[in-house]
Amino acid sequence: MQAPPFTLREYHTDTYKSLSDYKGQAVMVTFWASWCPDSIRDLAQKAQFYQSMQTDKLAFLTINVTGREGHDEDGATFIKEHNYTFPVLFDEGTKVYDRYRCMGVPTTVLINEQQEIVATYNDRAAFIDIIKGVGKLIE
């Protein structure tokens with residue numbers, strides 16, 4: 001299945017990033033909300049992974065599902081408090097979240113070089129299973 005295109009504002013650079021910017025590259029997208037214990041744990045693990053990964057092999061994007069937050073600034077405050085450096089995009093409500101048919105947060109989607117969805121992991125997925133999926137994606 002072709003990954004639905006999107007263009008969203010990025011927190012650190014205040015510029016707009018599109019999925020199409022990463023054509024020809026594998027992409028891992030994680031949808032999250034700041035109040036969710038599973039998202040908090042997942043982002044902590046992904047932050048460590050992001051620090052150690054080779055970004056030329058895999059684009060790493062996270063999308064704060066603003067429509068699932070209590071206030072518009074909750075995601076930005078959360079990222080600032082945790083000093084996360086990975087790319088953080090802000091969904092327009094639940095627009096992209098819904099287009100990817102997410103059922104909860106966190107949801108991680110792996111997208112190949114042709115911008116096709118190759119795997120989706122829900123909030124119950126083990127981090128090691130996601131990393132195994134990434135390994136297959138970039139081999």
# chains A, B, ... in the order shown; residues from 1 in each chain; ligands from 1
$ select_by_dssp --residues "chain A" --states "strand (DSSP E)" --output "ChimeraX atom specification"
/A:7-10,16-18,26-32,58-64,88-90,107-111,117-121
$ residues_around --residues "region 43-56 of chain A" --least-positions-apart "4" --cutoff "8 Å" --atoms "only C-alpha atoms" --output "ChimeraX atom specification"
/A:25,39,60,84-86,127
$ write_last_selection --atoms "N, CA and C atoms" --output "compact mmCIF listing (two decimals), in the first residue's frame"
# COMPACT_ATOMS: atom_id res chain seq x y z
N GLN A 25 14.50 6.77 0.13
CA GLN A 25 15.08 6.46 1.44
C GLN A 25 14.03 5.74 2.28
N SER A 39 3.61 5.95 24.73
CA SER A 39 4.35 6.88 23.87
C SER A 39 5.61 7.39 24.57
N PHE A 60 14.10 9.30 10.05
CA PHE A 60 13.43 9.08 11.34
C PHE A 60 12.51 10.28 11.59
N TYR A 84 14.62 16.22 23.39
CA TYR A 84 14.74 15.31 22.25
C TYR A 84 15.18 16.09 21.02
N THR A 85 16.10 15.49 20.25
CA THR A 85 16.64 16.16 19.08
C THR A 85 16.12 15.57 17.77
N PHE A 86 15.41 14.45 17.84
CA PHE A 86 14.91 13.86 16.60
C PHE A 86 13.82 14.74 15.99
N PHE A 127 9.62 -2.97 21.29
CA PHE A 127 10.61 -2.15 20.60
C PHE A 127 11.55 -3.02 19.75
$ atom_distance --atom1 "CA of Thr13 (chain A)" --atom2 "CA of Leu61 (chain A)"
13.3 Å
$ select_by_dssp --residues "chain A" --states "alpha helix (DSSP H)" --output "PDB file with N, CA and C atoms, in the first residue's frame"
ATOM      1  N   PRO A  37       1.508   6.907  28.421  1.00  0.00           N
ATOM      2  CA  PRO A  37       2.674   6.205  28.994  1.00  0.00           C
ATOM      3  C   PRO A  37       3.419   5.353  27.967  1.00  0.00           C
ATOM      4  N   ASP A  38       2.689   4.703  27.050  1.00  0.00           N
ATOM      5  CA  ASP A  38       3.350   3.890  26.022  1.00  0.00           C
ATOM      6  C   ASP A  38       4.146   4.773  25.071  1.00  0.00           C
ATOM      7  N   SER A  39       3.614   5.947  24.726  1.00  0.00           N
ATOM      8  CA  SER A  39       4.354   6.885  23.870  1.00  0.00           C
ATOM      9  C   SER A  39       5.606   7.392  24.571  1.00  0.00           C
ATOM     10  N   ILE A  40       5.487   7.695  25.853  1.00  0.00           N
ATOM     11  CA  ILE A  40       6.628   8.205  26.627  1.00  0.00           C
ATOM     12  C   ILE A  40       7.768   7.181  26.627  1.00  0.00           C
ATOM     13  N   ARG A  41       7.429   5.934  26.890  1.00  0.00           N
ATOM     14  CA  ARG A  41       8.427   4.854  26.902  1.00  0.00           C
ATOM     15  C   ARG A  41       9.017   4.647  25.500  1.00  0.00           C
ATOM     16  N   ASP A  42       8.134   4.628  24.502  1.00  0.00           N
ATOM     17  CA  ASP A  42       8.556   4.412  23.120  1.00  0.00           C
ATOM     18  C   ASP A  42       9.506   5.518  22.652  1.00  0.00           C
ATOM     19  N   LEU A  43       9.176   6.771  22.924  1.00  0.00           N
ATOM     20  CA  LEU A  43      10.024   7.880  22.487  1.00  0.00           C
ATOM     21  C   LEU A  43      11.379   7.873  23.191  1.00  0.00           C
ATOM     22  N   ALA A  44      11.415   7.455  24.457  1.00  0.00           N
ATOM     23  CA  ALA A  44      12.696   7.354  25.166  1.00  0.00           C
ATOM     24  C   ALA A  44      13.601   6.316  24.485  1.00  0.00           C
ATOM     25  N   GLN A  45      13.018   5.183  24.114  1.00  0.00           N
ATOM     26  CA  GLN A  45      13.794   4.148  23.421  1.00  0.00           C
ATOM     27  C   GLN A  45      14.211   4.625  22.033  1.00  0.00           C
ATOM     28  N   LYS A  46      13.295   5.288  21.349  1.00  0.00           N
ATOM     29  CA  LYS A  46      13.603   5.759  19.990  1.00  0.00           C
ATOM     30  C   LYS A  46      14.633   6.881  20.019  1.00  0.00           C
ATOM     31  N   ALA A  47      14.659   7.676  21.081  1.00  0.00           N
ATOM     32  CA  ALA A  47      15.669   8.730  21.200  1.00  0.00           C
ATOM     33  C   ALA A  47      17.060   8.108  21.261  1.00  0.00           C
ATOM     34  N   GLN A  48      17.205   7.031  22.035  1.00  0.00           N
ATOM     35  CA  GLN A  48      18.496   6.327  22.101  1.00  0.00           C
ATOM     36  C   GLN A  48      18.858   5.739  20.743  1.00  0.00           C
ATOM     37  N   PHE A  49      17.874   5.149  20.095  1.00  0.00           N
ATOM     38  CA  PHE A  49      18.090   4.573  18.765  1.00  0.00           C
ATOM     39  C   PHE A  49      18.514   5.667  17.776  1.00  0.00           C
ATOM     40  N   TYR A  50      17.832   6.794  17.820  1.00  0.00           N
ATOM     41  CA  TYR A  50      18.128   7.910  16.907  1.00  0.00           C
ATOM     42  C   TYR A  50      19.564   8.410  17.097  1.00  0.00           C
ATOM     43  N   GLN A  51      20.015   8.475  18.352  1.00  0.00           N
ATOM     44  CA  GLN A  51      21.374   8.946  18.643  1.00  0.00           C
ATOM     45  C   GLN A  51      22.436   8.038  18.012  1.00  0.00           C
ATOM     46  N   SER A  52      22.115   6.745  17.878  1.00  0.00           N
ATOM     47  CA  SER A  52      23.120   5.778  17.426  1.00  0.00           C
ATOM     48  C   SER A  52      22.975   5.384  15.959  1.00  0.00           C
ATOM     49  N   ASP A  74       1.092  20.983  24.127  1.00  0.00           N
ATOM     50  CA  ASP A  74       1.532  19.855  24.950  1.00  0.00           C
ATOM     51  C   ASP A  74       2.698  19.087  24.326  1.00  0.00           C
ATOM     52  N   GLY A  75       2.624  18.813  23.020  1.00  0.00           N
ATOM     53  CA  GLY A  75       3.695  18.074  22.348  1.00  0.00           C
ATOM     54  C   GLY A  75       4.996  18.844  22.343  1.00  0.00           C
ATOM     55  N   ALA A  76       4.929  20.134  22.036  1.00  0.00           N
ATOM     56  CA  ALA A  76       6.133  20.975  22.003  1.00  0.00           C
ATOM     57  C   ALA A  76       6.764  21.064  23.387  1.00  0.00           C
ATOM     58  N   THR A  77       5.943  21.237  24.411  1.00  0.00           N
ATOM     59  CA  THR A  77       6.441  21.302  25.785  1.00  0.00           C
ATOM     60  C   THR A  77       7.127  20.001  26.167  1.00  0.00           C
ATOM     61  N   PHE A  78       6.514  18.878  25.808  1.00  0.00           N
ATOM     62  CA  PHE A  78       7.065  17.559  26.111  1.00  0.00           C
ATOM     63  C   PHE A  78       8.449  17.380  25.463  1.00  0.00           C
ATOM     64  N   ILE A  79       8.566  17.720  24.197  1.00  0.00           N
ATOM     65  CA  ILE A  79       9.841  17.572  23.479  1.00  0.00           C
ATOM     66  C   ILE A  79      10.912  18.455  24.114  1.00  0.00           C
ATOM     67  N   LYS A  80      10.543  19.689  24.450  1.00  0.00           N
ATOM     68  CA  LYS A  80      11.492  20.627  25.060  1.00  0.00           C
ATOM     69  C   LYS A  80      11.955  20.119  26.424  1.00  0.00           C
ATOM     70  N   GLU A  81      11.007  19.638  27.246  1.00  0.00           N
ATOM     71  CA  GLU A  81      11.341  19.129  28.587  1.00  0.00           C
ATOM     72  C   GLU A  81      12.295  17.937  28.533  1.00  0.00           C
ATOM     73  N   HIS A  82      12.124  17.072  27.528  1.00  0.00           N
ATOM     74  CA  HIS A  82      12.957  15.871  27.409  1.00  0.00           C
ATOM     75  C   HIS A  82      14.195  16.107  26.548  1.00  0.00           C
ATOM     76  N   LYS A  95      -5.396  14.510  11.248  1.00  0.00           N
ATOM     77  CA  LYS A  95      -5.483  14.346   9.793  1.00  0.00           C
ATOM     78  C   LYS A  95      -4.578  13.231   9.266  1.00  0.00           C
ATOM     79  N   VAL A  96      -3.286  13.308   9.555  1.00  0.00           N
ATOM     80  CA  VAL A  96      -2.347  12.297   9.044  1.00  0.00           C
ATOM     81  C   VAL A  96      -2.523  10.982   9.807  1.00  0.00           C
ATOM     82  N   TYR A  97      -2.715  11.077  11.104  1.00  0.00           N
ATOM     83  CA  TYR A  97      -2.985   9.911  11.961  1.00  0.00           C
ATOM     84  C   TYR A  97      -4.137   9.087  11.376  1.00  0.00           C
ATOM     85  N   ASP A  98      -5.212   9.750  10.981  1.00  0.00           N
ATOM     86  CA  ASP A  98      -6.372   9.059  10.407  1.00  0.00           C
ATOM     87  C   ASP A  98      -6.062   8.487   9.027  1.00  0.00           C
ATOM     88  N   ARG A  99      -5.309   9.218   8.231  1.00  0.00           N
ATOM     89  CA  ARG A  99      -4.975   8.734   6.877  1.00  0.00           C
ATOM     90  C   ARG A  99      -4.115   7.476   6.937  1.00  0.00           C
ATOM     91  N   PHE A 127       9.619  -2.973  21.287  1.00  0.00           N
ATOM     92  CA  PHE A 127      10.614  -2.153  20.596  1.00  0.00           C
ATOM     93  C   PHE A 127      11.545  -3.019  19.750  1.00  0.00           C
ATOM     94  N   ILE A 128      11.923  -4.178  20.260  1.00  0.00           N
ATOM     95  CA  ILE A 128      12.825  -5.071  19.532  1.00  0.00           C
ATOM     96  C   ILE A 128      12.200  -5.520  18.216  1.00  0.00           C
ATOM     97  N   ASP A 129      10.877  -5.709  18.183  1.00  0.00           N
ATOM     98  CA  ASP A 129      10.211  -6.108  16.939  1.00  0.00           C
ATOM     99  C   ASP A 129      10.265  -4.977  15.909  1.00  0.00           C
ATOM    100  N   ILE A 130      10.126  -3.745  16.377  1.00  0.00           N
ATOM    101  CA  ILE A 130      10.232  -2.594  15.474  1.00  0.00           C
ATOM    102  C   ILE A 130      11.643  -2.522  14.896  1.00  0.00           C
ATOM    103  N   ILE A 131      12.646  -2.709  15.746  1.00  0.00           N
ATOM    104  CA  ILE A 131      14.035  -2.661  15.293  1.00  0.00           C
ATOM    105  C   ILE A 131      14.324  -3.791  14.300  1.00  0.00           C
ATOM    106  N   LYS A 132      13.763  -4.966  14.525  1.00  0.00           N
ATOM    107  CA  LYS A 132      13.915  -6.068  13.570  1.00  0.00           C
ATOM    108  C   LYS A 132      13.306  -5.671  12.220  1.00  0.00           C
ATOM    109  N   GLY A 133      12.139  -5.030  12.264  1.00  0.00           N
ATOM    110  CA  GLY A 133      11.502  -4.550  11.028  1.00  0.00           C
ATOM    111  C   GLY A 133      12.363  -3.532  10.310  1.00  0.00           C
ATOM    112  N   VAL A 134      12.993  -2.631  11.069  1.00  0.00           N
ATOM    113  CA  VAL A 134      13.904  -1.643  10.481  1.00  0.00           C
ATOM    114  C   VAL A 134      15.071  -2.358   9.821  1.00  0.00           C
ATOM    115  N   GLY A 135      15.610  -3.383  10.493  1.00  0.00           N
ATOM    116  CA  GLY A 135      16.724  -4.146   9.941  1.00  0.00           C
ATOM    117  C   GLY A 135      16.391  -4.741   8.589  1.00  0.00           C
ATOM    118  N   LYS A 136      15.198  -5.331   8.455  1.00  0.00           N
ATOM    119  CA  LYS A 136      14.766  -5.897   7.169  1.00  0.00           C
ATOM    120  C   LYS A 136      14.602  -4.795   6.129  1.00  0.00           C
ATOM    121  N   LEU A 137      14.114  -3.656   6.559  1.00  0.00           N
ATOM    122  CA  LEU A 137      13.834  -2.536   5.660  1.00  0.00           C
ATOM    123  C   LEU A 137      15.108  -1.973   5.043  1.00  0.00           C
ATOM    124  N   ILE A 138      16.179  -1.912   5.809  1.00  0.00           N
ATOM    125  CA  ILE A 138      17.401  -1.251   5.318  1.00  0.00           C
ATOM    126  C   ILE A 138      18.500  -2.221   4.892  1.00  0.00           C
TER     127      ILE A 138
END
$ residues_around --residues "Val65 (chain A)" --least-positions-apart "6" --cutoff "7 Å" --atoms "only C-alpha atoms" --output "PyMOL selection string"
chain A and resi 31-33+90-91+93-94+97
$ write_last_selection --atoms "N, CA, C and O atoms" --output "mmCIF file, in the first residue's frame"
data_model
loop_
_atom_site.group_PDB
_atom_site.id
_atom_site.type_symbol
_atom_site.label_atom_id
_atom_site.label_comp_id
_atom_site.auth_asym_id
_atom_site.auth_seq_id
_atom_site.Cartn_x
_atom_site.Cartn_y
_atom_site.Cartn_z
ATOM 1 N N PHE A 31 3.794 7.931 15.371
ATOM 2 C CA PHE A 31 2.729 8.814 15.841
ATOM 3 C C PHE A 31 2.661 8.698 17.359
ATOM 4 O O PHE A 31 2.696 7.578 17.897
ATOM 5 N N TRP A 32 2.541 9.837 18.074
ATOM 6 C CA TRP A 32 2.578 9.807 19.540
ATOM 7 C C TRP A 32 1.775 10.954 20.137
ATOM 8 O O TRP A 32 1.435 11.916 19.457
ATOM 9 N N ALA A 33 1.515 10.818 21.449
ATOM 10 C CA ALA A 33 0.886 11.879 22.242
ATOM 11 C C ALA A 33 1.623 11.966 23.582
ATOM 12 O O ALA A 33 2.050 10.948 24.132
ATOM 13 N N PHE A 90 4.165 18.163 13.585
ATOM 14 C CA PHE A 90 2.876 18.341 14.258
ATOM 15 C C PHE A 90 1.744 18.039 13.285
ATOM 16 O O PHE A 90 1.601 18.714 12.259
ATOM 17 N N ASP A 91 0.957 17.007 13.625
ATOM 18 C CA ASP A 91 -0.219 16.674 12.835
ATOM 19 C C ASP A 91 -1.207 17.840 12.913
ATOM 20 O O ASP A 91 -1.198 18.610 13.870
ATOM 21 N N GLY A 93 -4.436 18.298 13.858
ATOM 22 C CA GLY A 93 -5.487 17.540 14.543
ATOM 23 C C GLY A 93 -5.128 16.065 14.485
ATOM 24 O O GLY A 93 -4.109 15.639 15.031
ATOM 25 N N THR A 94 -5.966 15.295 13.770
ATOM 26 C CA THR A 94 -5.674 13.869 13.571
ATOM 27 C C THR A 94 -5.656 13.535 12.077
ATOM 28 O O THR A 94 -5.856 12.385 11.689
ATOM 29 N N TYR A 97 -2.715 11.077 11.104
ATOM 30 C CA TYR A 97 -2.985 9.911 11.961
ATOM 31 C C TYR A 97 -4.137 9.087 11.376
ATOM 32 O O TYR A 97 -4.038 7.865 11.250
#
$ atom_distance --atom1 "CA of Ala119 (chain A)" --atom2 "CA of Thr30 (chain A)"
11.9 Å
$ closest_residue --among "A:Leu19, A:Leu58, A:Ile117, A:Cys36" --to "Val105 (chain A)" --atoms "only C-alpha atoms"
A:Cys36
